[in-house]
Amino acid sequence: MVSIALLSGALIHKVLEPPLTEEGKQAGAGLELPPFIPDDPVLFEQQVRPILERRCVVCHGCYDAPCQLKLSSGEGLRRGASGELIYDPQRIAAMQPTRLFVDAGSTAEWRSRGFHPVLNEGQQTPEDNLKNSVLYRLLRQKQQHPQPHTDLLPDSFTLELGRKQSCPTLETVDDFTQEHPLWGMPYAMPNLSEQEYRTLVSWLAQGSSVPAPPAPSAMVLPQIKQWEHFLNQPSNKQQLVSRYLYEHLFHAHIHFADAPAREFYRLVRSITPPGEAVDEIPTLRPYDDPGAAPFYYRLLRYQPSVVVKNHIVYEFSDKRMERYRTLFLTPEYEVRELPSYEPEIAANPFKAFADIPATSRYRFLLDDAYFFIEGFIKGPVCRGQIALDVIEDQFWVLFFDPDQPVFTNTAQFIGKMADDLQLPVESSNNLDLLSIWTDYWQGQRRYMLEKQAWFKKMGTHDISHAMGYIWDGDGKNPNAALTVFRHFDSGSVAYGLVGSNPETAWVIDYPLFERIHYLLVAGFNVYGNMGHRVSTRIYMDFLRMEGEDYFLAFLPANKRKEIRDAWYVGQRSAVEKLFSTPQDWLNIESVRGYQTDDPQSELYQQIKERVANAVKQAQAINRCGDTGCNGRPDSTEMRVERAMDEIAQLQGANLHAFPDVAFVRVRMDNPEQDLAYTLIRNKAYKNVTSFLADEHERDRSDIEQDTMTVVKWLEGSYPNFFFSVAQSDIEDFTRRCATIRNHNDYEKFVDQYGVRRTNPAFWELADWFQDRLARDDPVSSGLFDLSRYQNR
């Protein structure tokens with residue numbers, strides 16, 4: 001019945017809006033004004049924004065929006081589209097940045113930079129507003145040429161991540177429609193409902209009015225004033241601290257304590273002081289020279305619709321400010337001279353911020369480790385391939401305790417090694433990679449050799465004593481243990497130790513933590529060239545190895561090489577040969593007391609016990625964003641839990657057909673009690689990558705070690721598929737999961753429980769998942785991106 005209704009709606013629109021004619025080549029030939037345009041104004045906030053967000057922004061909300069068409073704000077609508085690719089791995093020269101709200105101040109400036117309009121920019125009449133609107137033409141195209149309502153989409157649709165873009169202009173949209181009649185908007189998704197379509201078309205006909213962005217709320221204004229006063233104090237000490245904070249929080253969506261849940265701010269540098277309108281300084285990186293004129297740290301309200309894939313939340317509060325005072329201002333140290341913005345200083349945090357106690361910097365990062373790790377997974381790029389190509393599909397992240405005498409965390413050691421900790425960012429747009437790496441790799445080797453010399457002096461510790469070197473979150477901070485998931489071309493971070501024991505884990509010290517941030521967040525240029533991309537990727541390989549080696553150091557010396565060799569085969573071994581690393585430390589015994597022939601499992605158990613208190617809080621935060629929300633499941637819910645636990649035990653080749661991330665809605669007798677789960681497929685590799693290989697070249701000979709993680713929340717930014725199952729069918733759902741052996745079995749499973757792109761119920765289920773996330777975690781939630789939904 002639903003598909004018939006949609007088809008009927010499409011036929012109605014064919015009658016109301018005559019099809020394109022062959023007469024004439026001018027844009028808009030044959031268009032007539034639809035009769036349903038109302039006299040009363042269509043209200044953007046109440047009527048239009050919800051449709052744009054749920055049907056358009058879910059694919060057009062970040063740097064990776066097709067044709068750079070960002071529909072998440074009025075500014076993006078007015079800017080329009082461009083055929084220039086931001087994610088172009090073969091780019092020889094860096095491209096000019098195209099950041100909304102930053103790199104151009106008017107529509108005319110965007111036109112001069114090659115963006116073409118998608119809205120009418122001529123005479124403002126209802127007829128012209130539609131005839132001269134590319135957006136309207138693509139919406140109309142979809143209504144006149146609805147996609148199939150069952151089975152898979154035809155092969156004429158291109159859905160791969162790196163697909164060739166089609167960015168029709170007003171002059172080419174007629175040809176585009178004739179060549180690709182099914183490619184109207186929403187692309188490769190079910191049609192809009194008739195009411196949604198009429199609302200958007202009416203709004204476009206009335207001139208596409210978007211209200212001015214809201215000002216800060218009355219509750220937030222005093223806090224903005226307080227924070228801007230704090231950050232702009234004139235002393236050298238405060239200026240250095242504020243610079244450090246800015247370079248670590250520039251990408252944050254700052255939320256003020258007790259403020260409305262959906263009100264966020266960006267910390268920016270402005271040429272205007274507090275009390276005046278913000279005039280942001282458009283530097284590419286947060287440590288780039290802001291210029292000779294005075295500047296001020298300001299808080300600017302975040303305008304676009306919030307999408308999960310770049311929503312990295314950080315809270316400002318009175319408690320936070322007091323913490324900053326304790327960490328950075330109360331300690332007695334002198335800042336005689338502020339560091340320069342010359343690249344060799346500014347790009348090296350160990351030089352620029354040498355005056356700030358290293359312990360304070362490390363504690364600052366640990367306080368909100370989830371935020372900073374999420375930065376390198378999501379970061380300022382919306383796609384995480386640069387970081388993600390060199391990590392496992394699931395691993396745990398732990399940290400050295402700042403109160404323990406870990407030599408790499410001391411100011412003396414960091415100061416001595418600062419030159420060798422230089423990151424390959426300020427010159428990495430250079431394509432002469434060999435000369436770049438002659439210097440940077442030698443510095444990395446010297447750093448590793450120095451650590452190795454210190455390692456020999458550490459002595460041997462009983463495993464129970466060695467666990468004291470692992471930070472336990474001071475018994476209460478859930479940031480002490482994190483799980484990172486890689487979902488092929490995206491990633492996510494969860495609090496706690498989620499899933500079964502991973503193949504690898506990282507233990508992070510202060511120098512490693514800081515370098516990850518400056519390499520992948522503060523120093524990463526999404527507009528950079530191939531040289532920047534490759535040098536970043538190589539260096540990230542070394543940082544990953546460094547974190548894994550710290551984990552290995554807790555294992556018996558006679559097992560380390562065997563375990564490490566199992567990780568470093570295939571393309572990893574090629575990297576090792578190209579950049580050979582000092583390995584004498586592998587033979588130095590540092591931990592004793594293991595009881596079995598499986599010390600890695602023993603170590604994981606010891607770690608779980610060490611961080612147990614932090615993990616208890618982490619589980620609640622994952623589920624609802626709050627430490628106090630865990631309720632006891634009833635018997636029916638326990639039945640579902642047991643079934644899902646069985647799916648989590650699946651392993652090996654029978655998981656091959658599953659997507660990386662699938663959301664599952666379990667429909668209970670009472671819809672208000674429906675449950676949400678995520679199935680995460682963890683692919684096992686004999687290597688993670690080399691910088692010379694793409695995803696399809698990864699060594700998958702460990703496919704029998706693939707695992708499934710099942711969590712009782714919505715994990716990830718890019719769901720690849722949806723399943724919907726009634727609670728009464730949950731055992732059958734589990735049984736069918738377990739019997740999948742090939743793609744044919746999986747297709748039958750999808751026929752029973754899956755929701756394909758062609759399913760008329762797709763939008764209803766997508767909206768349910770969006771609503772569920774917003775209900776469970778109103779501050780940290782955002783719109784899921786549906787652009788990587790599979791055609792299965």
# chains A, B, ... in the order shown; residues from 1 in each chain; ligands from 1
>>> residues_around(residues="A:Ser464", least_positions_apart="6", cutoff="12 Å", atoms="only C-alpha atoms", output="list in words")
Ile470, Phe554, Val591, Arg592, Gly593, Tyr594, Glu602, Leu603, Gln605, Gln606, Ile607, Glu609 and Arg610 of chain A
>>> residues_around(residues="stretch 501-509 of chain A", least_positions_apart="2", cutoff="6 Å", atoms="only C-alpha atoms", output="list in words")
Phe395, Trp396, Val397, Leu398, Phe399, Phe400, Pro511, Leu512, Gly547, Glu548, Tyr550 and Phe551 of chain A
>>> write_last_selection(atoms="N, CA and C atoms", output="PDB file, in the first residue's frame")
ATOM      1  N   PHE A 395      40.333  -1.626  18.536  1.00  0.00           N
ATOM      2  CA  PHE A 395      41.423  -1.717  19.498  1.00  0.00           C
ATOM      3  C   PHE A 395      41.109  -0.841  20.699  1.00  0.00           C
ATOM      4  N   TRP A 396      41.805  -1.136  21.794  1.00  0.00           N
ATOM      5  CA  TRP A 396      41.601  -0.396  23.035  1.00  0.00           C
ATOM      6  C   TRP A 396      42.715   0.632  23.213  1.00  0.00           C
ATOM      7  N   VAL A 397      42.374   1.738  23.852  1.00  0.00           N
ATOM      8  CA  VAL A 397      43.325   2.819  24.104  1.00  0.00           C
ATOM      9  C   VAL A 397      43.405   3.065  25.607  1.00  0.00           C
ATOM     10  N   LEU A 398      44.618   3.032  26.121  1.00  0.00           N
ATOM     11  CA  LEU A 398      44.881   3.277  27.540  1.00  0.00           C
ATOM     12  C   LEU A 398      45.992   4.309  27.642  1.00  0.00           C
ATOM     13  N   PHE A 399      46.232   4.791  28.857  1.00  0.00           N
ATOM     14  CA  PHE A 399      47.162   5.898  29.037  1.00  0.00           C
ATOM     15  C   PHE A 399      48.071   5.642  30.230  1.00  0.00           C
ATOM     16  N   PHE A 400      49.296   6.147  30.131  1.00  0.00           N
ATOM     17  CA  PHE A 400      50.196   6.087  31.285  1.00  0.00           C
ATOM     18  C   PHE A 400      49.696   7.034  32.372  1.00  0.00           C
ATOM     19  N   PRO A 511      53.974  12.614  24.999  1.00  0.00           N
ATOM     20  CA  PRO A 511      54.474  12.987  23.670  1.00  0.00           C
ATOM     21  C   PRO A 511      53.692  12.350  22.523  1.00  0.00           C
ATOM     22  N   LEU A 512      53.250  11.126  22.704  1.00  0.00           N
ATOM     23  CA  LEU A 512      52.473  10.470  21.663  1.00  0.00           C
ATOM     24  C   LEU A 512      51.103  11.116  21.517  1.00  0.00           C
ATOM     25  N   GLY A 547      52.380   3.408  20.024  1.00  0.00           N
ATOM     26  CA  GLY A 547      51.369   3.058  21.014  1.00  0.00           C
ATOM     27  C   GLY A 547      51.280   1.560  21.237  1.00  0.00           C
ATOM     28  N   GLU A 548      51.381   0.787  20.145  1.00  0.00           N
ATOM     29  CA  GLU A 548      51.340  -0.667  20.273  1.00  0.00           C
ATOM     30  C   GLU A 548      52.583  -1.202  21.000  1.00  0.00           C
ATOM     31  N   TYR A 550      54.284   0.306  23.336  1.00  0.00           N
ATOM     32  CA  TYR A 550      54.109   0.527  24.771  1.00  0.00           C
ATOM     33  C   TYR A 550      53.270  -0.585  25.389  1.00  0.00           C
ATOM     34  N   PHE A 551      52.248  -1.016  24.668  1.00  0.00           N
ATOM     35  CA  PHE A 551      51.430  -2.135  25.151  1.00  0.00           C
ATOM     36  C   PHE A 551      52.273  -3.407  25.243  1.00  0.00           C
TER      37      PHE A 551
END
>>> residues_around(residues="A:Arg736", least_positions_apart="2", cutoff="12 Å", atoms="only C-alpha atoms", output="count of residues only")
25
>>> atom_distance(atom1="atom CA of A:Pro190", atom2="atom CA of A:Thr758")
5.9 Å
>>> select_by_dssp(residues="stretch 462-693 of chain A", states="strand (DSSP E or B)", output="MDAnalysis selection string")
chainID A and resid 462 470 482:486 491:495 505:508 591:592 651 661:667 675:682
>>> closest_atom_pairs(of="stretch 721-781 of chain A", to="stretch 302-307 of chain A", cutoff="12 Å", atoms="only C-alpha atoms", output="tab-separated table")
residue	atom	partner	partner_atom	distance
A:Gln770	CA	A:Val307	CA	10.5
A:Leu773	CA	A:Val307	CA	11.7
A:Ala774	CA	A:Val306	CA	11.1
A:Pro778	CA	A:Val306	CA	11.3
A:Val779	CA	A:Val306	CA	10.2
A:Ser780	CA	A:Val306	CA	9.4
A:Ser781	CA	A:Val307	CA	7.9
>>> closest_residue(among="A:Glu127, A:Asp279, A:Asp64, A:Asp318", to="A:Pro222", atoms="only C-alpha atoms")
A:Asp318
>>> closest_residue(among="A:Asp174, A:Asp472, A:Glu247, A:Asp598", to="A:Tyr518", atoms="only C-alpha atoms")
A:Glu247
>>> residues_around(residues="A:Arg623", least_positions_apart="2", cutoff="8 Å", atoms="only C-alpha atoms", output="list in words")
Gln619, Ala620, Ile621, Gly625, Asp626, Lys712, Trp713 and Asp776 of chain A
>>> atom_distance(atom1="atom CA of A:Ile391", atom2="atom CA of A:Asn682")
11.8 Å
>>> residues_around(residues="stretch 155-164 of chain A", least_positions_apart="3", cutoff="10 Å", atoms="only C-alpha atoms", output="mmCIF file with all heavy atoms, in the first residue's frame")
data_model
loop_
_atom_site.group_PDB
_atom_site.id
_atom_site.type_symbol
_atom_site.label_atom_id
_atom_site.label_comp_id
_atom_site.auth_asym_id
_atom_site.auth_seq_id
_atom_site.Cartn_x
_atom_site.Cartn_y
_atom_site.Cartn_z
ATOM 1 N N ASP A 64 32.661 16.447 2.685
ATOM 2 C CA ASP A 64 32.458 15.421 1.680
ATOM 3 C C ASP A 64 31.064 15.477 1.065
ATOM 4 O O ASP A 64 30.640 14.538 0.393
ATOM 5 C CB ASP A 64 32.737 14.035 2.248
ATOM 6 C CG ASP A 64 31.885 13.690 3.468
ATOM 7 O OD1 ASP A 64 31.146 14.581 3.944
ATOM 8 O OD2 ASP A 64 31.976 12.553 3.947
ATOM 9 N N PRO A 66 28.436 15.974 -1.680
ATOM 10 C CA PRO A 66 28.595 15.948 -3.126
ATOM 11 C C PRO A 66 28.591 17.360 -3.709
ATOM 12 O O PRO A 66 27.738 18.188 -3.376
ATOM 13 C CB PRO A 66 27.382 15.144 -3.594
ATOM 14 C CG PRO A 66 27.042 14.274 -2.432
ATOM 15 C CD PRO A 66 27.349 15.096 -1.215
ATOM 16 N N GLY A 83 32.270 21.755 -8.744
ATOM 17 C CA GLY A 83 32.761 20.463 -9.182
ATOM 18 C C GLY A 83 34.154 20.142 -8.680
ATOM 19 O O GLY A 83 34.661 19.036 -8.895
ATOM 20 N N LEU A 85 36.937 18.839 -6.359
ATOM 21 C CA LEU A 85 36.956 17.815 -5.317
ATOM 22 C C LEU A 85 37.823 18.249 -4.145
ATOM 23 O O LEU A 85 38.967 18.666 -4.337
ATOM 24 C CB LEU A 85 37.506 16.501 -5.869
ATOM 25 C CG LEU A 85 36.622 15.711 -6.829
ATOM 26 C CD1 LEU A 85 37.418 14.553 -7.414
ATOM 27 C CD2 LEU A 85 35.384 15.194 -6.133
ATOM 28 N N TYR A 87 38.326 15.942 -1.577
ATOM 29 C CA TYR A 87 39.048 14.695 -1.341
ATOM 30 C C TYR A 87 39.580 14.165 -2.672
ATOM 31 O O TYR A 87 38.945 13.369 -3.353
ATOM 32 C CB TYR A 87 38.130 13.668 -0.671
ATOM 33 C CG TYR A 87 37.764 14.076 0.721
ATOM 34 C CD1 TYR A 87 36.552 14.693 0.995
ATOM 35 C CD2 TYR A 87 38.646 13.876 1.773
ATOM 36 C CE1 TYR A 87 36.226 15.087 2.278
ATOM 37 C CE2 TYR A 87 38.333 14.265 3.062
ATOM 38 C CZ TYR A 87 37.118 14.873 3.307
ATOM 39 O OH TYR A 87 36.801 15.274 4.580
ATOM 40 N N ASP A 88 40.737 14.651 -3.030
ATOM 41 C CA ASP A 88 41.396 14.242 -4.270
ATOM 42 C C ASP A 88 42.798 13.769 -3.922
ATOM 43 O O ASP A 88 43.727 14.572 -3.770
ATOM 44 C CB ASP A 88 41.456 15.417 -5.252
ATOM 45 C CG ASP A 88 42.105 15.036 -6.576
ATOM 46 O OD1 ASP A 88 42.504 13.861 -6.723
ATOM 47 O OD2 ASP A 88 42.227 15.905 -7.450
ATOM 48 N N LEU A 152 17.172 -4.319 -5.398
ATOM 49 C CA LEU A 152 18.328 -3.437 -5.435
ATOM 50 C C LEU A 152 18.129 -2.320 -6.438
ATOM 51 O O LEU A 152 17.370 -2.456 -7.404
ATOM 52 C CB LEU A 152 19.589 -4.229 -5.817
ATOM 53 C CG LEU A 152 19.960 -5.437 -4.954
ATOM 54 C CD1 LEU A 152 21.259 -6.045 -5.444
ATOM 55 C CD2 LEU A 152 20.072 -5.050 -3.495
ATOM 56 N N CYS A 167 27.693 17.455 -11.220
ATOM 57 C CA CYS A 167 27.297 18.707 -10.572
ATOM 58 C C CYS A 167 26.597 19.598 -11.589
ATOM 59 O O CYS A 167 27.185 20.558 -12.114
ATOM 60 C CB CYS A 167 28.527 19.411 -9.996
ATOM 61 S SG CYS A 167 29.496 18.389 -8.873
ATOM 62 N N HIS A 180 20.458 10.972 -17.081
ATOM 63 C CA HIS A 180 20.303 10.196 -15.839
ATOM 64 C C HIS A 180 18.934 10.479 -15.225
ATOM 65 O O HIS A 180 18.830 11.132 -14.178
ATOM 66 C CB HIS A 180 21.395 10.557 -14.841
ATOM 67 C CG HIS A 180 22.790 10.411 -15.350
ATOM 68 N ND1 HIS A 180 23.373 9.198 -15.617
ATOM 69 C CD2 HIS A 180 23.724 11.357 -15.651
ATOM 70 C CE1 HIS A 180 24.597 9.376 -16.039
ATOM 71 N NE2 HIS A 180 24.847 10.665 -16.077
ATOM 72 N N LEU A 182 16.899 8.892 -13.406
ATOM 73 C CA LEU A 182 16.632 8.424 -12.041
ATOM 74 C C LEU A 182 17.496 9.103 -10.990
ATOM 75 O O LEU A 182 17.386 8.789 -9.803
ATOM 76 C CB LEU A 182 16.849 6.909 -11.963
ATOM 77 C CG LEU A 182 15.879 6.023 -12.758
ATOM 78 C CD1 LEU A 182 16.244 4.562 -12.601
ATOM 79 C CD2 LEU A 182 14.435 6.258 -12.333
ATOM 80 N N TRP A 183 18.346 10.044 -11.408
ATOM 81 C CA TRP A 183 19.308 10.626 -10.482
ATOM 82 C C TRP A 183 18.803 11.915 -9.838
ATOM 83 O O TRP A 183 19.588 12.769 -9.442
ATOM 84 C CB TRP A 183 20.633 10.892 -11.195
ATOM 85 C CG TRP A 183 21.428 9.645 -11.458
ATOM 86 C CD1 TRP A 183 20.971 8.363 -11.449
ATOM 87 C CD2 TRP A 183 22.818 9.581 -11.780
ATOM 88 N NE1 TRP A 183 21.986 7.498 -11.748
ATOM 89 C CE2 TRP A 183 23.135 8.212 -11.954
ATOM 90 C CE3 TRP A 183 23.811 10.535 -11.943
ATOM 91 C CZ2 TRP A 183 24.411 7.779 -12.279
ATOM 92 C CZ3 TRP A 183 25.099 10.101 -12.266
ATOM 93 C CH2 TRP A 183 25.390 8.729 -12.433
ATOM 94 N N TYR A 187 19.095 11.589 -3.935
ATOM 95 C CA TYR A 187 19.763 10.654 -4.827
ATOM 96 C C TYR A 187 19.818 9.256 -4.216
ATOM 97 O O TYR A 187 20.241 9.069 -3.073
ATOM 98 C CB TYR A 187 21.187 11.148 -5.106
ATOM 99 C CG TYR A 187 22.019 10.227 -5.957
ATOM 100 C CD1 TYR A 187 21.822 10.173 -7.332
ATOM 101 C CD2 TYR A 187 22.976 9.405 -5.389
ATOM 102 C CE1 TYR A 187 22.584 9.331 -8.127
ATOM 103 C CE2 TYR A 187 23.745 8.561 -6.171
ATOM 104 C CZ TYR A 187 23.542 8.519 -7.543
ATOM 105 O OH TYR A 187 24.299 7.683 -8.321
ATOM 106 N N ALA A 188 19.363 8.276 -5.005
ATOM 107 C CA ALA A 188 19.444 6.858 -4.631
ATOM 108 C C ALA A 188 18.742 6.559 -3.315
ATOM 109 O O ALA A 188 19.084 5.605 -2.619
ATOM 110 C CB ALA A 188 20.896 6.404 -4.573
ATOM 111 N N ASP A 489 35.820 3.131 5.926
ATOM 112 C CA ASP A 489 36.186 4.494 5.553
ATOM 113 C C ASP A 489 35.661 5.522 6.553
ATOM 114 O O ASP A 489 35.568 6.702 6.248
ATOM 115 C CB ASP A 489 35.678 4.839 4.148
ATOM 116 C CG ASP A 489 34.221 4.452 3.946
ATOM 117 O OD1 ASP A 489 33.473 4.412 4.946
ATOM 118 O OD2 ASP A 489 33.830 4.173 2.801
ATOM 119 N N SER A 787 25.076 8.657 3.277
ATOM 120 C CA SER A 787 25.661 8.573 1.941
ATOM 121 C C SER A 787 26.377 7.252 1.689
ATOM 122 O O SER A 787 26.640 6.906 0.532
ATOM 123 C CB SER A 787 26.624 9.740 1.725
ATOM 124 O OG SER A 787 27.720 9.682 2.626
ATOM 125 N N ARG A 788 26.719 6.511 2.751
ATOM 126 C CA ARG A 788 27.440 5.252 2.571
ATOM 127 C C ARG A 788 26.558 4.039 2.857
ATOM 128 O O ARG A 788 27.039 2.954 3.147
ATOM 129 C CB ARG A 788 28.690 5.245 3.451
ATOM 130 C CG ARG A 788 29.590 6.429 3.133
ATOM 131 C CD ARG A 788 30.839 6.485 3.975
ATOM 132 N NE ARG A 788 31.386 7.850 3.927
ATOM 133 C CZ ARG A 788 32.491 8.229 4.555
ATOM 134 N NH1 ARG A 788 33.174 7.363 5.261
ATOM 135 N NH2 ARG A 788 32.910 9.476 4.478
ATOM 136 N N TYR A 789 25.258 4.275 2.759
ATOM 137 C CA TYR A 789 24.295 3.185 2.939
ATOM 138 C C TYR A 789 24.409 2.229 1.754
ATOM 139 O O TYR A 789 24.441 2.649 0.597
ATOM 140 C CB TYR A 789 22.889 3.756 3.032
ATOM 141 C CG TYR A 789 21.882 2.843 3.680
ATOM 142 C CD1 TYR A 789 21.712 2.829 5.059
ATOM 143 C CD2 TYR A 789 21.096 1.984 2.916
ATOM 144 C CE1 TYR A 789 20.784 1.993 5.662
ATOM 145 C CE2 TYR A 789 20.172 1.137 3.501
ATOM 146 C CZ TYR A 789 20.019 1.147 4.880
ATOM 147 O OH TYR A 789 19.110 0.315 5.486
ATOM 148 N N GLN A 790 24.451 0.945 2.040
ATOM 149 C CA GLN A 790 24.731 -0.024 0.992
ATOM 150 C C GLN A 790 23.517 -0.312 0.127
ATOM 151 O O GLN A 790 22.374 -0.256 0.587
ATOM 152 C CB GLN A 790 25.238 -1.340 1.608
ATOM 153 C CG GLN A 790 26.618 -1.241 2.200
ATOM 154 C CD GLN A 790 27.128 -2.585 2.693
ATOM 155 O OE1 GLN A 790 26.385 -3.572 2.778
ATOM 156 N NE2 GLN A 790 28.412 -2.641 3.013
ATOM 157 N N ASN A 791 23.774 -0.635 -1.105
ATOM 158 C CA ASN A 791 22.744 -1.101 -2.033
ATOM 159 C C ASN A 791 22.796 -2.622 -2.012
ATOM 160 O O ASN A 791 23.359 -3.263 -2.880
ATOM 161 C CB ASN A 791 23.032 -0.567 -3.437
ATOM 162 C CG ASN A 791 21.966 -0.982 -4.435
ATOM 163 O OD1 ASN A 791 20.795 -1.151 -4.086
ATOM 164 N ND2 ASN A 791 22.367 -1.151 -5.690
#
>>> atom_distance(atom1="atom CA of A:Ala648", atom2="atom CA of A:Arg792")
21.8 Å
>>> residues_around(residues="A:Ile254", least_positions_apart="4", cutoff="9 Å", atoms="only C-alpha atoms", output="ChimeraX atom specification")
/A:249,263-267,299,302,312-316
>>> select_by_dssp(residues="stretch 154-310 of chain A", states="helix (DSSP H, G or I)", output="PyMOL selection string")
chain A and resi 173-179+194-205+221-231+236-249+308-310
>>> closest_atom_pairs(of="stretch 588-663 of chain A", to="stretch 482-487 of chain A", cutoff="9 Å", atoms="only C-alpha atoms", output="Markdown table")
| residue | atom | partner | partner_atom | distance |
| --- | --- | --- | --- | --- |
| A:Val615 | CA | A:Leu482 | CA | 9.0 |
| A:Ala618 | CA | A:Leu482 | CA | 8.7 |
| A:Pro659 | CA | A:His487 | CA | 8.9 |
| A:Asp660 | CA | A:His487 | CA | 5.3 |
| A:Val661 | CA | A:His487 | CA | 6.7 |
>>> decode(residues="stretch 490-496 of chain A", atoms="all heavy atoms", output="compact mmCIF listing (two decimals), in the first residue's frame")
# COMPACT_ATOMS: atom_id res chain seq x y z
N SER A 490 35.29 5.07 7.74
CA SER A 490 34.93 5.99 8.81
C SER A 490 35.34 5.33 10.13
O SER A 490 35.84 4.20 10.13
CB SER A 490 33.43 6.30 8.80
OG SER A 490 32.67 5.14 9.13
N GLY A 491 35.13 6.01 11.22
CA GLY A 491 35.51 5.45 12.51
C GLY A 491 34.69 6.06 13.62
O GLY A 491 33.96 7.04 13.42
N SER A 492 34.81 5.49 14.81
CA SER A 492 34.11 6.04 15.96
C SER A 492 34.85 5.63 17.22
O SER A 492 35.71 4.74 17.21
CB SER A 492 32.66 5.54 16.01
OG SER A 492 32.60 4.12 16.12
N VAL A 493 34.53 6.31 18.31
CA VAL A 493 35.16 6.07 19.60
C VAL A 493 34.07 5.81 20.63
O VAL A 493 33.05 6.51 20.64
CB VAL A 493 36.02 7.27 20.05
CG1 VAL A 493 36.78 6.94 21.33
CG2 VAL A 493 36.99 7.69 18.96
N ALA A 494 34.28 4.82 21.48
CA ALA A 494 33.35 4.54 22.57
C ALA A 494 34.12 4.58 23.88
O ALA A 494 35.32 4.29 23.93
CB ALA A 494 32.70 3.17 22.39
N TYR A 495 33.44 4.97 24.94
CA TYR A 495 34.03 4.89 26.27
C TYR A 495 34.16 3.43 26.69
O TYR A 495 33.32 2.59 26.35
CB TYR A 495 33.15 5.62 27.29
CG TYR A 495 33.17 7.13 27.19
CD1 TYR A 495 32.18 7.82 26.51
CD2 TYR A 495 34.18 7.87 27.81
CE1 TYR A 495 32.17 9.21 26.44
CE2 TYR A 495 34.19 9.25 27.75
CZ TYR A 495 33.19 9.93 27.06
OH TYR A 495 33.20 11.29 27.00
N GLY A 496 35.20 3.14 27.46
CA GLY A 496 35.36 1.82 28.03
C GLY A 496 36.02 0.82 27.11
O GLY A 496 36.49 1.15 26.02
